[in-house]
file start-v4.tsv (TSV, C-alpha atoms)
chain	number	residue	atom	x	y	z
A	1	MET	CA	15.61	-68.11	19.12
A	2	LYS	CA	17.70	-65.16	17.96
A	3	ASN	CA	16.69	-61.69	19.05
A	4	ARG	CA	17.74	-58.03	19.03
A	5	ILE	CA	17.12	-57.30	22.68
A	6	ARG	CA	20.78	-56.65	23.47
A	7	ILE	CA	21.00	-54.10	20.64
A	8	LEU	CA	17.73	-52.38	21.54
A	9	ARG	CA	18.73	-52.27	25.19
A	10	ALA	CA	22.14	-50.79	24.35
A	11	GLU	CA	20.50	-48.15	22.15
A	12	ARG	CA	18.49	-46.98	25.15
A	13	GLY	CA	21.41	-47.25	27.54
A	14	TRP	CA	19.57	-49.67	29.81
A	15	SER	CA	21.33	-52.27	31.89
A	16	GLN	CA	19.98	-55.82	32.09
A	17	ALA	CA	18.80	-55.09	35.62
A	18	GLU	CA	16.95	-51.98	34.44
A	19	LEU	CA	15.20	-53.86	31.65
A	20	ALA	CA	14.38	-56.68	34.08
A	21	ALA	CA	12.78	-54.16	36.45
A	22	ARG	CA	10.71	-52.71	33.59
A	23	LEU	CA	9.55	-56.18	32.57
A	24	GLY	CA	9.03	-57.42	36.13
A	25	VAL	CA	11.33	-60.41	35.71
A	26	SER	CA	14.74	-61.32	37.13
A	27	ARG	CA	18.01	-60.16	35.58
A	28	GLN	CA	18.94	-63.78	34.92
A	29	THR	CA	15.81	-64.18	32.81
A	30	VAL	CA	16.74	-61.15	30.69
A	31	ASN	CA	20.26	-62.54	30.32
A	32	ALA	CA	18.96	-65.97	29.26
A	33	ILE	CA	16.55	-64.45	26.73
A	34	GLU	CA	19.25	-62.18	25.28
A	35	GLY	CA	21.58	-65.15	24.90
A	36	GLY	CA	18.86	-67.16	23.15
A	37	ARG	CA	18.94	-69.84	25.84
A	38	TYR	CA	15.39	-69.21	26.97
A	39	ASP	CA	12.40	-68.45	24.76
A	40	PRO	CA	9.94	-66.14	26.50
A	41	SER	CA	6.24	-66.87	26.66
A	42	LEU	CA	3.99	-65.00	24.25
A	43	PRO	CA	2.74	-62.54	26.92
A	44	LEU	CA	6.33	-61.74	27.92
A	45	ALA	CA	7.37	-61.38	24.28
A	46	PHE	CA	4.53	-58.87	23.79
A	47	GLN	CA	5.61	-57.03	26.91
A	48	ILE	CA	9.21	-56.87	25.65
A	49	ALA	CA	8.01	-55.52	22.31
A	50	SER	CA	5.81	-52.97	24.06
A	51	THR	CA	8.68	-51.86	26.32
A	52	PHE	CA	10.86	-51.19	23.28
A	53	GLY	CA	7.96	-49.65	21.36
A	54	THR	CA	8.17	-52.11	18.49
A	55	THR	CA	6.69	-55.40	17.33
A	56	ILE	CA	7.57	-58.98	18.23
A	57	GLU	CA	8.63	-59.70	14.62
A	58	GLN	CA	11.17	-56.89	14.75
A	59	ILE	CA	12.77	-58.29	17.89
A	60	PHE	CA	12.60	-62.07	17.59
A	61	ASP	CA	13.87	-64.12	14.70
A	62	PRO	CA	13.42	-67.89	14.65
A	63	ASP	CA	16.63	-69.91	14.26
A	64	ASP	CA	14.89	-72.04	11.64
A	65	PRO	CA	14.47	-69.71	8.61
A	66	GLY	CA	11.64	-71.87	7.29
A	67	LEU	CA	9.59	-71.35	10.43
A	68	GLY	CA	8.58	-67.79	9.57
A	69	ALA	CA	7.70	-68.72	6.00
A	70	ARG	CA	5.62	-71.70	7.13
A	71	ALA	CA	3.86	-69.53	9.69
A	72	ASN	CA	3.10	-66.94	7.03
A	73	ARG	CA	1.70	-69.59	4.64
A	74	ALA	CA	-0.53	-70.92	7.42
B	1	MET	CA	3.44	-63.09	34.12
B	2	GLY	CA	5.48	-60.41	35.71
B	3	CYS	CA	6.63	-60.50	39.26
B	4	GLY	CA	7.81	-57.23	40.63
B	5	SER	CA	9.43	-59.08	43.47
B	6	ALA	CA	11.33	-62.03	42.10
B	7	ARG	CA	13.77	-60.97	44.77
B	8	PHE	CA	14.21	-64.39	46.30
B	9	PHE	CA	16.25	-65.44	43.30
B	10	VAL	CA	17.63	-62.16	42.01
B	11	GLY	CA	21.37	-62.60	41.82
B	12	SER	CA	21.15	-65.62	44.00
B	13	PRO	CA	20.45	-69.00	42.44
B	14	GLY	CA	23.70	-69.97	44.14
B	15	GLN	CA	22.16	-68.60	47.31
B	16	ILE	CA	19.49	-71.28	47.12
B	17	TRP	CA	22.18	-73.89	47.20
B	18	ALA	CA	24.15	-72.06	49.88
B	19	ASP	CA	21.10	-71.75	52.13
B	20	THR	CA	19.99	-75.32	51.50
B	21	ALA	CA	23.51	-76.60	52.17
B	22	LEU	CA	23.68	-74.50	55.33
B	23	MET	CA	20.37	-75.92	56.49
B	24	VAL	CA	21.52	-79.48	55.85
B	25	VAL	CA	24.82	-78.88	57.66
B	26	ALA	CA	22.90	-77.32	60.55
B	27	ILE	CA	20.56	-80.29	60.88
B	28	LEU	CA	23.41	-82.79	60.58
B	29	ALA	CA	25.44	-80.85	63.17
B	30	GLU	CA	22.45	-80.79	65.48
B	31	ALA	CA	21.94	-84.52	65.11
B	32	PHE	CA	25.64	-85.22	65.57
B	33	PHE	CA	25.98	-83.14	68.74
B	34	TYR	CA	22.77	-84.46	70.17
B	35	ARG	CA	23.69	-88.10	69.56
B	36	ALA	CA	27.22	-87.58	70.86
B	37	LEU	CA	26.05	-85.99	74.08
B	38	ARG	CA	22.69	-87.52	74.93
B	39	HIS	CA	23.92	-90.65	76.70
B	40	HIS	CA	26.10	-88.78	79.15
B	41	TRP	CA	24.35	-85.44	79.50
B	42	PRO	CA	20.82	-85.76	78.13
B	43	VAL	CA	19.67	-82.39	79.49
B	44	ASN	CA	22.79	-80.59	78.21
B	45	ALA	CA	22.40	-82.36	74.86
B	46	ALA	CA	18.80	-81.24	74.49
B	47	VAL	CA	19.65	-77.68	75.51
B	48	ALA	CA	22.66	-77.57	73.11
B	49	PHE	CA	20.43	-79.01	70.37
B	50	LEU	CA	17.81	-76.30	70.87
B	51	VAL	CA	20.34	-73.46	71.26
B	52	LEU	CA	22.07	-74.51	68.02
B	53	ALA	CA	18.74	-74.74	66.21
B	54	VAL	CA	17.55	-71.36	67.49
B	55	GLY	CA	20.93	-69.77	66.66
B	56	LEU	CA	20.93	-71.03	63.10
B	57	ILE	CA	17.29	-70.14	62.58
B	58	GLY	CA	18.05	-66.65	63.87
B	59	PHE	CA	21.02	-66.33	61.53
B	60	LEU	CA	19.08	-67.41	58.42
B	61	PHE	CA	16.06	-65.37	59.46
B	62	VAL	CA	17.94	-62.10	60.04
B	63	ARG	CA	20.16	-62.47	56.96
B	64	GLN	CA	17.31	-63.16	54.56
B	65	LEU	CA	15.12	-60.50	56.15
B	66	LEU	CA	17.90	-57.90	55.76
B	67	ARG	CA	18.28	-58.88	52.11
B	68	GLY	CA	14.54	-58.63	51.55
B	69	GLU	CA	14.47	-62.25	50.37
B	70	ARG	CA	11.52	-64.55	50.77
B	71	GLY	CA	13.29	-67.76	51.59
B	72	TRP	CA	13.57	-67.13	55.33
B	73	MET	CA	10.08	-68.42	56.03
B	74	PHE	CA	10.74	-71.72	54.28
B	75	TYR	CA	14.18	-72.30	55.78
B	76	THR	CA	13.11	-71.30	59.27
B	77	ALA	CA	10.16	-73.66	59.11
B	78	MET	CA	12.31	-76.52	57.77
B	79	LEU	CA	14.85	-76.06	60.55
B	80	LEU	CA	12.11	-75.89	63.18
B	81	PHE	CA	10.48	-78.97	61.74
B	82	ALA	CA	13.78	-80.87	61.72
B	83	GLY	CA	14.44	-79.80	65.30
B	84	MET	CA	10.98	-80.54	66.63
B	85	SER	CA	9.72	-83.48	64.60
B	86	ASP	CA	11.26	-85.94	67.00
B	87	PRO	CA	10.38	-84.32	70.33
B	88	GLY	CA	9.97	-87.64	72.12
B	89	ASP	CA	13.63	-88.35	71.41
B	90	VAL	CA	14.91	-84.94	72.42
B	91	LEU	CA	12.67	-83.84	75.22
B	92	ALA	CA	11.82	-87.18	76.82
B	93	ALA	CA	15.54	-87.97	77.07
B	94	ALA	CA	15.97	-84.63	78.76
B	95	GLY	CA	13.34	-85.58	81.31
B	96	VAL	CA	10.96	-82.85	80.23
B	97	ALA	CA	7.31	-83.07	81.21
B	98	PRO	CA	4.97	-84.78	78.68
B	99	ASN	CA	2.98	-81.59	78.09
B	100	TRP	CA	6.16	-79.99	76.69
B	101	VAL	CA	6.55	-82.98	74.37
B	102	ALA	CA	3.00	-82.36	73.13
B	103	THR	CA	3.81	-78.66	72.69
B	104	ALA	CA	6.90	-79.56	70.66
B	105	SER	CA	4.79	-81.89	68.50
B	106	LEU	CA	2.33	-79.07	67.84
B	107	LEU	CA	5.26	-76.77	67.02
B	108	ALA	CA	6.59	-79.38	64.55
B	109	ALA	CA	3.17	-79.64	62.87
B	110	ALA	CA	2.83	-75.85	62.75
B	111	SER	CA	6.33	-75.44	61.30
B	112	ALA	CA	5.53	-78.04	58.61
B	113	VAL	CA	2.48	-75.97	57.61
B	114	VAL	CA	4.52	-72.74	57.66
B	115	GLY	CA	7.19	-74.50	55.54
B	116	ILE	CA	4.60	-75.41	52.92
B	117	VAL	CA	3.20	-71.85	52.92
B	118	GLY	CA	6.78	-70.51	52.63
B	119	ALA	CA	7.51	-72.79	49.68
B	120	VAL	CA	4.30	-71.64	47.95
B	121	ARG	CA	5.27	-67.98	48.55
B	122	ILE	CA	8.69	-68.63	47.01
B	123	VAL	CA	7.20	-70.30	43.93
B	124	ARG	CA	4.60	-67.53	43.51
B	125	ALA	CA	7.37	-64.90	43.57
B	126	LEU	CA	9.23	-66.53	40.67
B	127	ASP	CA	9.12	-65.23	37.14
B	128	GLU	CA	8.29	-67.54	34.23
B	129	MET	CA	11.84	-68.77	33.59
B	130	TRP	CA	12.46	-69.54	37.25
B	131	ARG	CA	9.09	-71.30	37.47
B	132	GLN	CA	10.19	-73.55	34.63
B	133	VAL	CA	13.51	-74.19	36.39
B	134	ASN	CA	11.66	-74.86	39.63
B	135	HIS	CA	9.17	-77.28	38.03
B	136	ARG	CA	12.01	-79.30	36.54
B	137	ALA	CA	13.90	-79.25	39.85
B	138	LEU	CA	10.79	-80.47	41.68
B	139	ALA	CA	10.35	-83.26	39.12
B	140	PHE	CA	13.98	-84.26	39.69
B	141	ALA	CA	13.51	-84.15	43.48
B	142	PHE	CA	10.31	-86.19	43.23
B	143	ILE	CA	11.89	-88.92	41.10
B	144	THR	CA	15.02	-89.03	43.29
B	145	THR	CA	12.96	-89.31	46.47
B	146	LEU	CA	10.63	-91.88	44.95
B	147	SER	CA	13.65	-94.00	43.96
B	148	LEU	CA	15.06	-93.69	47.46
B	149	VAL	CA	11.73	-94.59	49.07
B	150	LEU	CA	11.38	-97.67	46.84
B	151	GLY	CA	14.97	-98.67	47.62
B	152	GLN	CA	14.33	-98.12	51.31
B	153	TRP	CA	11.16	-100.21	51.17
B	154	LEU	CA	12.99	-103.00	49.34
B	155	LEU	CA	15.84	-103.02	51.85
B	156	SER	CA	13.43	-102.90	54.80
B	157	ARG	CA	11.89	-106.17	53.50
B	158	PHE	CA	15.27	-107.72	54.20
B	159	GLY	CA	15.49	-106.07	57.57
B	160	VAL	CA	17.97	-103.39	56.52
B	161	GLU	CA	17.12	-99.83	57.57
B	162	VAL	CA	19.38	-97.45	55.66
B	163	LEU	CA	17.63	-94.10	56.00
B	164	THR	CA	15.11	-92.70	58.42
B	165	TRP	CA	11.97	-91.14	56.99
B	166	ARG	CA	13.17	-87.77	58.25
B	167	SER	CA	16.44	-88.05	56.33
B	168	LEU	CA	14.45	-88.92	53.20
B	169	LEU	CA	12.58	-85.64	53.62
B	170	LEU	CA	15.89	-83.86	54.02
B	171	LEU	CA	17.25	-85.54	50.89
B	172	MET	CA	14.22	-84.38	48.95
B	173	VAL	CA	14.99	-80.76	49.89
B	174	VAL	CA	18.64	-81.28	48.93
B	175	ALA	CA	17.58	-82.85	45.60
B	176	TRP	CA	15.36	-79.81	45.02
B	177	GLY	CA	18.35	-77.48	45.55
B	178	VAL	CA	20.59	-79.61	43.32
B	179	GLY	CA	17.87	-79.67	40.64
B	180	MET	CA	17.56	-75.88	40.76
B	181	LEU	CA	21.29	-75.44	40.30
B	182	TRP	CA	21.47	-78.05	37.54
B	183	GLU	CA	18.62	-76.51	35.56
B	184	TYR	CA	19.95	-72.99	36.05
B	185	ARG	CA	23.38	-74.00	34.76
B	186	ARG	CA	21.70	-75.19	31.58
B	187	LEU	CA	20.26	-71.69	30.98
B	188	ARG	CA	23.35	-69.68	31.92
call {"tool": "encode", "arguments": {"input": "start-v4.tsv", "output": "structure tokens"}}
result
Amino acid sequence: MKNRIRILRAERGWSQAELAARLGVSRQTVNAIEGGRYDPSLPLAFQIASTFGTTIEQIFDPDDPGLGARANRA
Amino acid sequence: MGCGSARFFVGSPGQIWADTALMVVAILAEAFFYRALRHHWPVNAAVAFLVLAVGLIGFLFVRQLLRGERGWMFYTAMLLFAGMSDPGDVLAAAGVAPNWVATASLLAAASAVVGIVGAVRIVRALDEMWRQVNHRALAFAFITTLSLVLGQWLLSRFGVEVLTWRSLLLLMVVAWGVGMLWEYRRLR
């Protein structure tokens, strides 16, 4: 899943380790999420959104463009 | 979800492998020295065996404690268990009194319990991604060990003993470490 974590983190001048400490996860987990290799659980996604003061939708973007539309229809 | 102290694995998935490999080398070295020496100098062999075990346990213990990592409890217990789980072989050959053999057996049982508690502490300290990695690694280790046990059972029906039950346990720990590394590489 694509996301804007790297951009949001850079805007705040945080390192991966700093963000990891704020989220209470390991730096490797932050790195994997940023690279789109690991999709966080819903609670962690909410925590990420809360840490950046935004919403999940503004951070995460599904790779499949139809996924969002289908979710909205449902 | 969060784990303020996922320190066991912070910056060190490779450390899992390094520590596991070190533990395996230590146990193999212990077994090698003990078997090489026991026929000629059983007392010296037993003493060398225990000194080596205590030295390596001390090394792992102090290093992990200094780093604030949680793995020391697990590795210490595994080394103690490997060193003490065959006390009849080690201590009886050294001519030690039977009550010491019983003490060593109790120590082996206690270290097995501590090892399990240590493993649970490690898993509880993981964050969600590392838990996923760990679950997959455990599944890999379980299937590998199950295959080995079935193979061992089949061979034993024909009178061929390839692996001891202790080495199967050791292989399970190694398979766990390999599984962790394999799964982590996938997410890197």
call {"tool": "residues_near_point", "arguments": {"input": "start-v4.tsv", "point": "(18.0, -92.9, 55.2)", "cutoff": "12 Å", "atoms": "all atoms listed in the file", "output": "PyMOL selection string"}}
result
chain B and resi 145+148-153+155-156+160-172
call {"tool": "atom_distance", "arguments": {"input": "start-v4.tsv", "atom1": "atom CA of Trp182 of chain B", "atom2": "atom CA of Val25 of chain A"}}
result
20.4 Å
call {"tool": "interface_residues", "arguments": {"input": "start-v4.tsv", "of": "chain A", "to": "chain B", "cutoff": "10 Å", "atoms": "all atoms listed in the file", "output": "compact mmCIF listing (two decimals) with C-alpha atoms, keeping the file's coordinate frame"}}
result
# COMPACT_ATOMS: atom_id res chain seq x y z
CA ALA A 17 18.80 -55.09 35.62
CA ALA A 20 14.38 -56.68 34.08
CA ALA A 21 12.78 -54.16 36.45
CA ARG A 22 10.71 -52.71 33.59
CA LEU A 23 9.55 -56.18 32.57
CA GLY A 24 9.03 -57.42 36.13
CA VAL A 25 11.33 -60.41 35.71
CA SER A 26 14.74 -61.32 37.13
CA ARG A 27 18.01 -60.16 35.58
CA GLN A 28 18.94 -63.78 34.92
CA THR A 29 15.81 -64.18 32.81
CA VAL A 30 16.74 -61.15 30.69
CA ASN A 31 20.26 -62.54 30.32
CA ALA A 32 18.96 -65.97 29.26
CA ILE A 33 16.55 -64.45 26.73
CA GLY A 35 21.58 -65.15 24.90
CA GLY A 36 18.86 -67.16 23.15
CA ARG A 37 18.94 -69.84 25.84
CA TYR A 38 15.39 -69.21 26.97
CA ASP A 39 12.40 -68.45 24.76
CA PRO A 40 9.94 -66.14 26.50
CA SER A 41 6.24 -66.87 26.66
CA PRO A 43 2.74 -62.54 26.92
CA LEU A 44 6.33 -61.74 27.92
CA GLN A 47 5.61 -57.03 26.91
call {"tool": "atom_distance", "arguments": {"input": "start-v4.tsv", "atom1": "atom CA of Ala175 of chain B", "atom2": "atom CA of Gly58 of chain B"}}
result
24.4 Å
call {"tool": "atom_distance", "arguments": {"input": "start-v4.tsv", "atom1": "atom CA of Ala109 of chain B", "atom2": "atom CA of Phe81 of chain B"}}
result
7.4 Å
call {"tool": "residues_around", "arguments": {"input": "start-v4.tsv", "residues": "Arg9 of chain A", "least_positions_apart": "3", "cutoff": "10 Å", "atoms": "only C-alpha atoms", "output": "JSON, numbers by chain"}}
result
{"A": [4, 5, 6, 12, 13, 14, 15, 16, 18, 19, 34, 52]}
call {"tool": "residues_around", "arguments": {"input": "start-v4.tsv", "residues": "Thr54 of chain A", "least_positions_apart": "4", "cutoff": "12 Å", "atoms": "only C-alpha atoms", "output": "ChimeraX atom specification"}}
result
/A:4-5,8,45-50,58-60
call {"tool": "write_last_selection", "arguments": {"input": "start-v4.tsv", "atoms": "C-alpha atoms", "output": "PDB file, in the coordinates of the input"}}
result
ATOM      1  CA  ARG A   4      17.740 -58.030  19.030  1.00  0.00           C
ATOM      2  CA  ILE A   5      17.120 -57.300  22.680  1.00  0.00           C
ATOM      3  CA  LEU A   8      17.730 -52.380  21.540  1.00  0.00           C
ATOM      4  CA  ALA A  45       7.370 -61.380  24.280  1.00  0.00           C
ATOM      5  CA  PHE A  46       4.530 -58.870  23.790  1.00  0.00           C
ATOM      6  CA  GLN A  47       5.610 -57.030  26.910  1.00  0.00           C
ATOM      7  CA  ILE A  48       9.210 -56.870  25.650  1.00  0.00           C
ATOM      8  CA  ALA A  49       8.010 -55.520  22.310  1.00  0.00           C
ATOM      9  CA  SER A  50       5.810 -52.970  24.060  1.00  0.00           C
ATOM     10  CA  GLN A  58      11.170 -56.890  14.750  1.00  0.00           C
ATOM     11  CA  ILE A  59      12.770 -58.290  17.890  1.00  0.00           C
ATOM     12  CA  PHE A  60      12.600 -62.070  17.590  1.00  0.00           C
TER      13      PHE A  60
END
